[in-house]
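I have placed the structure first, in the form of structure tokens, so that the comments after it can refer back to it.
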Amino acid sequence: MAEVLSLTEAVAGLVRDGDSVALEGFTHLIPFAAGHEVLRQGRTELELIRMTPDVLYDQMVGVGAARKLVFSYAGNPGVGSLHRVRDAVEHAWPRAIALEEHSHAGMAKRYAAGASGLPCALMRGYIGTDLESRTRVERVRCPFTGEELVAVPALNPDVGIVHAQEADRAGNVQLWGIPGVQKEVVLAASRSLVTVERIVDELELRPGGVIIPGWVIDAVAEAPGGSRPSYAHGLTERDNAFYREWDAISRDRERFTAWMDEHVLSGVAT
Amino acid sequence: MSAGPGEVQTVAAARALRGKRSVFIGVGRPSTAAILARMVHNPDLVLFYESGTIGAKPFRVPLSIGDGELAETADAVVSVVEMFDYWIGPGRVQVAFLGAAQVDRHANLNSTVIGDYEQPKTRLPGAGGAPEIALGCPEVVVIAPHSPRTFVGQLDFRTTSGRHTTAVITDLGVLEPRDGELTLTALHPGVTVDEVRAATGWELRVADEPAVTPEPTDEELSALRELMGR
């Protein structure tokens, strides 16, 4: 059963140095507040996993919290490069970072296999690309049809962290809008944290809403606005202007460092 | 009205969606073209965005594929797993619009790295959904700026196969595969074959009589400019 904790307590209890941590959110419900709390608590040597590492992972990689990045698309959507990730990969600043990259389909299938308790997932893809030799996939033959397919290994992060709109006091979570891989990550991870915009007495079930029962979640923490500058559909708006501003902030090492000190590292958890 | 080269490219891409049932799009010019196609040519066109929004009807050009407006206006919003497993993989989306940093003569695409993989000159965002989208969608249209930096003899990394590519629409003209190799089949108004050759990093094949892209109509151009101003 999920414990309803403060964000500080939840992160302190679940995230350890060296962990593989997936802070997911496919362009929506990105757990910025939780990621910032991980940084404030000084966690380091992390293996950061995410399909679309965007501004949050640019920040986490930029302060040197990660030893490895597992991903499928590392860009600032609609804006351009993640300058901190690029600096780490191209110039090892502030430290070298290992990469393991997949396609979106590959990552999604890996999470689904992890959530299913299976060792791998089968798919078409990778064959005929240079990705195949640069990542962890194997060719297999379908025992029924003989078709050549690719197997991708299950992804079971030590910790899965996502944001959602709401939870009840027993930690049952409901989210709506773009569902991404939120449910898969919670079910695939060994330990999980869901931050929510609000805690309510009773969940009002919505058509198309995704329910994650509290008994498969370790901790729920209230974090209003916790996905900003991303958004929580129906409750907050995506701050597109900030995503554009980030391009300039993140281009320069000193400006980035000053910004992080002022806005993230010196702050307190909500 | 007279159109700039970028506008001609967008208009040409929108025209490629006449009579099509569905299109898979990312952000930027492909998204603009698909929204324009719904405004001018094909109001029933079903837009698929990678974020899981099927049948989105954006009023503005979205900055990201996850903008709230896409989910609010969609016929259905599905998980990433479902998007790739049920919709893209089995070929339920007719056309895909893809971009890339590098394109080779077989329409293979690089969106991973410029230079050596281990010691990159420029680290690009990576594959995203492109490899499986290009494999699943029966028709792939590449939209890219025409320059020797983009149209290269040798890709630094093959992210995506060009096997299903039916056209490459640039700001200079249109390339289509002929006997397995991209061939210049249409020039945008005012562009010469020599200009396209100079902007291509390999010895470009040219069709016997390349067509000329019809000038954007006033209707197309005013719709495009109105859309960009929203």
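A note on labels: chains of the structure tokens are A, B, ... as shown, every chain counts residues from 1, and ligands are counted from 1 in their shown order.
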
Residues near B:Ala211, cut-off 7 Å, only C-alpha atoms, skip fewer than 6 positions along chain, as a list of chain:residue names: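 Answer for this query is B:Thr185, B:Ala186, B:Leu187.
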
Written selection (C-alpha atoms) as a compact mmCIF listing (two decimals), in the first residue's frame:
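This is the output file part39.txt:
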# COMPACT_ATOMS: atom_id res chain seq x y z
CA THR B 185 11.51 14.68 -60.33
CA ALA B 186 10.25 18.20 -59.64
CA LEU B 187 11.72 21.66 -59.21

Contacts between chain B and chain A, please, where a residue of chain A counts if it comes within 7 Å (with only C-alpha atoms); show its shortest atom pair and distance in Å to one decimal, rows by chain and ascending number, as a tab-separated table.
residue	atom	partner	partner_atom	distance
A:Phe26	CA	B:Ser51	CA	6.6
A:Thr27	CA	B:Gly66	CA	4.8
A:His28	CA	B:Gly66	CA	6.2
A:Ser72	CA	B:Gly128	CA	5.2
A:Tyr73	CA	B:Gly128	CA	4.7
A:Ala74	CA	B:Pro125	CA	4.4
A:Gly75	CA	B:Pro125	CA	4.9
A:Pro77	CA	B:Ser64	CA	5.2
A:Gly78	CA	B:Leu63	CA	5.1
A:Ser81	CA	B:Pro125	CA	6.9
A:Arg86	CA	B:Arg123	CA	5.9
A:Glu90	CA	B:Pro120	CA	6.0
A:Ser103	CA	B:Gly128	CA	5.2
A:His104	CA	B:Gly129	CA	4.8
A:Ala105	CA	B:Phe84	CA	5.9
A:Ala108	CA	B:Val81	CA	5.3
A:Lys109	CA	B:Val81	CA	6.5
A:Gly125	CA	B:Glu132	CA	5.6
A:Gly128	CA	B:Ser161	CA	6.4
A:Thr129	CA	B:Arg158	CA	5.3
A:Asp130	CA	B:Arg158	CA	5.1
A:Leu131	CA	B:Thr159	CA	6.4
A:Gly177	CA	B:Ala71	CA	6.1
A:Ile178	CA	B:Val77	CA	6.2
A:Pro179	CA	B:Ser79	CA	5.2
A:Gly180	CA	B:Ser79	CA	4.9
A:Val181	CA	B:Val80	CA	6.1
A:His233	CA	B:Gly68	CA	6.5
A:Arg238	CA	B:Asp67	CA	6.9

Length of the atom CA of A:Val11 to atom CA of A:Met107 vector [Å]: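 It comes out at 24.5 Å.
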
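Residues with any atom within 10 Å of A:Gly267, counting only C-alpha atoms and excluding same-chain neighbours fewer than 4 positions away, are His36, Glu37, Arg40, Met260, Asp261, Glu262 and His263 of chain A.
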
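Take the candidates B:Ala96, B:Val212, B:Leu221, B:Ala74 and check each one against B:Ala34 using only C-alpha atoms; the shortest distance goes to B:Ala96.
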
Counting only C-alpha atoms, the residue of B:Asp104, B:Glu176, B:Asp75, B:Asp218 that sits nearest B:Val40: B:Asp218

In stretch 53-241 of chain A, DSSP helix (DSSP H, G or I) residues written as a VMD selection string: chain A and resid 55 to 62 83 to 91 104 to 116 132 to 134 182 to 188 214 to 216 240 to 241

Quick one: write out the picked residues with N, CA and C atoms as a CSV table (one decimal), in the first residue's frame?
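Contents of the output file result_8.csv:
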chain,number,residue,atom,x,y,z
A,55,VAL,N,14.1,18.8,-20.7
A,55,VAL,CA,14.8,19.8,-19.8
A,55,VAL,C,15.1,19.2,-18.5
A,56,LEU,N,14.3,18.4,-17.9
A,56,LEU,CA,14.6,17.8,-16.5
A,56,LEU,C,15.9,17.0,-16.5
A,57,TYR,N,16.1,16.2,-17.5
A,57,TYR,CA,17.3,15.4,-17.6
A,57,TYR,C,18.5,16.2,-18.0
A,58,ASP,N,18.3,17.3,-18.8
A,58,ASP,CA,19.3,18.2,-19.1
A,58,ASP,C,19.9,18.8,-17.8
A,59,GLN,N,19.0,19.1,-16.9
A,59,GLN,CA,19.4,19.7,-15.6
A,59,GLN,C,20.1,18.7,-14.8
A,60,MET,N,19.6,17.4,-14.7
A,60,MET,CA,20.2,16.4,-13.9
A,60,MET,C,21.6,16.0,-14.4
A,61,VAL,N,21.7,15.9,-15.8
A,61,VAL,CA,22.9,15.5,-16.4
A,61,VAL,C,23.9,16.7,-16.2
A,62,GLY,N,23.4,17.9,-16.4
A,62,GLY,CA,24.2,19.1,-16.3
A,62,GLY,C,24.9,19.3,-15.0
A,83,HIS,N,21.5,21.2,-24.5
A,83,HIS,CA,22.9,21.6,-24.5
A,83,HIS,C,23.7,20.9,-23.4
A,84,ARG,N,23.1,20.7,-22.3
A,84,ARG,CA,23.9,20.1,-21.2
A,84,ARG,C,24.2,18.6,-21.5
A,85,VAL,N,23.2,17.9,-22.0
A,85,VAL,CA,23.4,16.5,-22.4
A,85,VAL,C,24.5,16.5,-23.5
A,86,ARG,N,24.4,17.4,-24.5
A,86,ARG,CA,25.4,17.4,-25.5
A,86,ARG,C,26.8,17.7,-25.0
A,87,ASP,N,26.9,18.6,-24.0
A,87,ASP,CA,28.2,19.0,-23.5
A,87,ASP,C,28.8,17.7,-22.7
A,88,ALA,N,27.9,17.0,-22.1
A,88,ALA,CA,28.4,15.8,-21.4
A,88,ALA,C,28.9,14.8,-22.4
A,89,VAL,N,28.1,14.6,-23.4
A,89,VAL,CA,28.5,13.5,-24.4
A,89,VAL,C,29.7,14.0,-25.3
A,90,GLU,N,29.7,15.2,-25.7
A,90,GLU,CA,30.7,15.7,-26.6
A,90,GLU,C,32.0,16.1,-25.9
A,91,HIS,N,31.9,16.7,-24.7
A,91,HIS,CA,33.1,17.2,-24.0
A,91,HIS,C,33.3,16.7,-22.6
A,104,HIS,N,11.9,4.7,-29.7
A,104,HIS,CA,10.8,4.8,-28.8
A,104,HIS,C,10.1,3.5,-28.7
A,105,ALA,N,9.9,2.8,-29.8
A,105,ALA,CA,9.1,1.6,-29.8
A,105,ALA,C,9.9,0.6,-28.9
A,106,GLY,N,11.2,0.6,-29.1
A,106,GLY,CA,12.1,-0.3,-28.3
A,106,GLY,C,12.0,0.0,-26.8
A,107,MET,N,12.0,1.2,-26.4
A,107,MET,CA,11.9,1.6,-25.0
A,107,MET,C,10.5,1.2,-24.5
A,108,ALA,N,9.5,1.5,-25.2
A,108,ALA,CA,8.1,1.3,-24.8
A,108,ALA,C,8.0,-0.2,-24.6
A,109,LYS,N,8.5,-1.0,-25.5
A,109,LYS,CA,8.4,-2.5,-25.4
A,109,LYS,C,9.2,-3.0,-24.2
A,110,ARG,N,10.3,-2.3,-23.9
A,110,ARG,CA,11.1,-2.8,-22.8
A,110,ARG,C,10.4,-2.5,-21.5
A,111,TYR,N,9.8,-1.4,-21.3
A,111,TYR,CA,9.0,-1.1,-20.1
A,111,TYR,C,7.8,-2.1,-20.0
A,112,ALA,N,7.2,-2.3,-21.1
A,112,ALA,CA,6.0,-3.2,-21.1
A,112,ALA,C,6.4,-4.6,-20.7
A,113,ALA,N,7.6,-5.1,-21.2
A,113,ALA,CA,8.1,-6.4,-20.8
A,113,ALA,C,8.4,-6.4,-19.3
A,114,GLY,N,9.0,-5.3,-18.8
A,114,GLY,CA,9.3,-5.1,-17.4
A,114,GLY,C,8.1,-5.2,-16.5
A,115,ALA,N,7.0,-4.5,-17.0
A,115,ALA,CA,5.8,-4.5,-16.3
A,115,ALA,C,5.1,-5.8,-16.3
A,116,SER,N,5.4,-6.6,-17.3
A,116,SER,CA,4.7,-7.9,-17.5
A,116,SER,C,5.5,-9.0,-16.8
A,132,GLU,N,21.3,-1.2,-34.2
A,132,GLU,CA,21.3,-2.6,-33.8
A,132,GLU,C,22.7,-2.9,-33.2
A,133,SER,N,23.8,-2.4,-33.8
A,133,SER,CA,25.1,-2.8,-33.3
A,133,SER,C,25.5,-1.9,-32.1
A,134,ARG,N,24.7,-0.9,-31.8
A,134,ARG,CA,25.1,0.1,-30.7
A,134,ARG,C,24.3,-0.1,-29.5
A,182,GLN,N,3.4,6.0,-18.3
A,182,GLN,CA,3.4,6.2,-16.8
A,182,GLN,C,3.1,4.9,-16.0
A,183,LYS,N,2.0,4.2,-16.5
A,183,LYS,CA,1.6,2.9,-15.8
A,183,LYS,C,2.7,1.9,-15.9
A,184,GLU,N,3.3,1.7,-17.1
A,184,GLU,CA,4.3,0.7,-17.4
A,184,GLU,C,5.5,0.9,-16.4
A,185,VAL,N,5.9,2.2,-16.3
A,185,VAL,CA,7.1,2.5,-15.5
A,185,VAL,C,6.8,2.1,-14.0
A,186,VAL,N,5.7,2.5,-13.5
A,186,VAL,CA,5.4,2.2,-12.1
A,186,VAL,C,5.4,0.7,-11.9
A,187,LEU,N,4.8,-0.1,-12.8
A,187,LEU,CA,4.7,-1.5,-12.7
A,187,LEU,C,6.0,-2.2,-12.9
A,188,ALA,N,6.9,-1.6,-13.7
A,188,ALA,CA,8.2,-2.2,-14.1
A,188,ALA,C,9.2,-2.0,-13.0
A,214,GLY,N,-3.1,1.9,-5.4
A,214,GLY,CA,-2.1,2.3,-4.4
A,214,GLY,C,-1.3,1.1,-4.0
A,215,TRP,N,-1.8,-0.1,-4.1
A,215,TRP,CA,-1.0,-1.2,-3.6
A,215,TRP,C,0.1,-1.7,-4.5
A,216,VAL,N,0.3,-1.1,-5.7
A,216,VAL,CA,1.5,-1.3,-6.5
A,216,VAL,C,2.4,-0.1,-6.5
A,240,ASN,N,5.4,26.7,-22.7
A,240,ASN,CA,6.2,26.6,-23.9
A,240,ASN,C,7.3,27.7,-23.9
A,241,ALA,N,7.0,28.9,-23.3
A,241,ALA,CA,8.0,29.9,-23.3
A,241,ALA,C,9.2,29.5,-22.5

Within 10 Å of B:Gly6 using only C-alpha atoms, minus same-chain residues under 2 positions, as number ranges by chain: B: 3-4, 8-12, 29, 145, 170-172

Residues from last step as file, N, CA and C atoms, as a short mmCIF file (atom, residue, chain, number, x, y, z; two decimals), in the first residue's frame:
data_model
loop_
_atom_site.label_atom_id
_atom_site.label_comp_id
_atom_site.auth_asym_id
_atom_site.auth_seq_id
_atom_site.Cartn_x
_atom_site.Cartn_y
_atom_site.Cartn_z
N ALA B 3 5.50 33.39 -52.88
CA ALA B 3 5.85 32.53 -51.75
C ALA B 3 7.35 32.41 -51.59
N GLY B 4 7.82 32.33 -50.34
CA GLY B 4 9.23 32.02 -50.06
C GLY B 4 9.48 30.54 -50.23
N VAL B 8 6.88 27.30 -50.09
CA VAL B 8 6.62 26.37 -51.20
C VAL B 8 6.79 24.93 -50.72
N GLN B 9 7.83 24.71 -49.90
CA GLN B 9 8.07 23.36 -49.37
C GLN B 9 6.88 22.89 -48.53
N THR B 10 6.38 23.76 -47.66
CA THR B 10 5.25 23.40 -46.80
C THR B 10 4.00 23.12 -47.64
N VAL B 11 3.77 23.99 -48.63
CA VAL B 11 2.60 23.81 -49.49
C VAL B 11 2.71 22.50 -50.28
N ALA B 12 3.91 22.20 -50.79
CA ALA B 12 4.10 20.95 -51.54
C ALA B 12 3.86 19.74 -50.64
N ARG B 29 7.89 21.85 -39.50
CA ARG B 29 7.28 21.98 -40.81
C ARG B 29 6.31 20.84 -41.16
N PRO B 145 15.64 20.42 -45.37
CA PRO B 145 16.23 21.55 -46.10
C PRO B 145 17.29 21.02 -47.06
N THR B 170 11.99 19.02 -50.46
CA THR B 170 12.94 19.98 -49.91
C THR B 170 12.48 21.39 -50.24
N ASP B 171 13.30 22.37 -49.88
CA ASP B 171 12.95 23.75 -50.23
C ASP B 171 13.35 24.08 -51.67
N LEU B 172 13.94 23.11 -52.38
CA LEU B 172 14.29 23.35 -53.80
C LEU B 172 13.44 22.53 -54.76
#

Between atom CA of A:Met1 and atom CA of A:Ile217, distance in Å (one decimal):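 Atom-to-atom, atom CA of A:Met1 to atom CA of A:Ile217, that is 6.6 Å.
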
Selection near A:Trp246, 9 Å with only C-alpha atoms, sequence-local residues under 4 positions removed, as a PyMOL selection string: chain A and resi 55+76+82+241-242+250-251

Name the residues in contact with A:Arg50 at a cut-off of 8 Å, using only C-alpha atoms, excluding same-chain residues fewer than 3 positions from it; report them as a tab-separated table (two decimals) with C-alpha atoms, in the first residue's frame.
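So around_33.tsv came out as:
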chain	number	residue	atom	x	y	z
A	22	ALA	CA	13.25	6.39	-14.53
A	23	LEU	CA	11.51	9.77	-14.14
A	24	GLU	CA	9.03	9.33	-16.95
A	53	PRO	CA	14.99	13.08	-21.66
A	69	LEU	CA	21.66	7.78	-19.77
A	70	VAL	CA	19.26	5.23	-21.27
A	71	PHE	CA	16.95	6.91	-23.77
A	72	SER	CA	15.36	7.11	-27.20
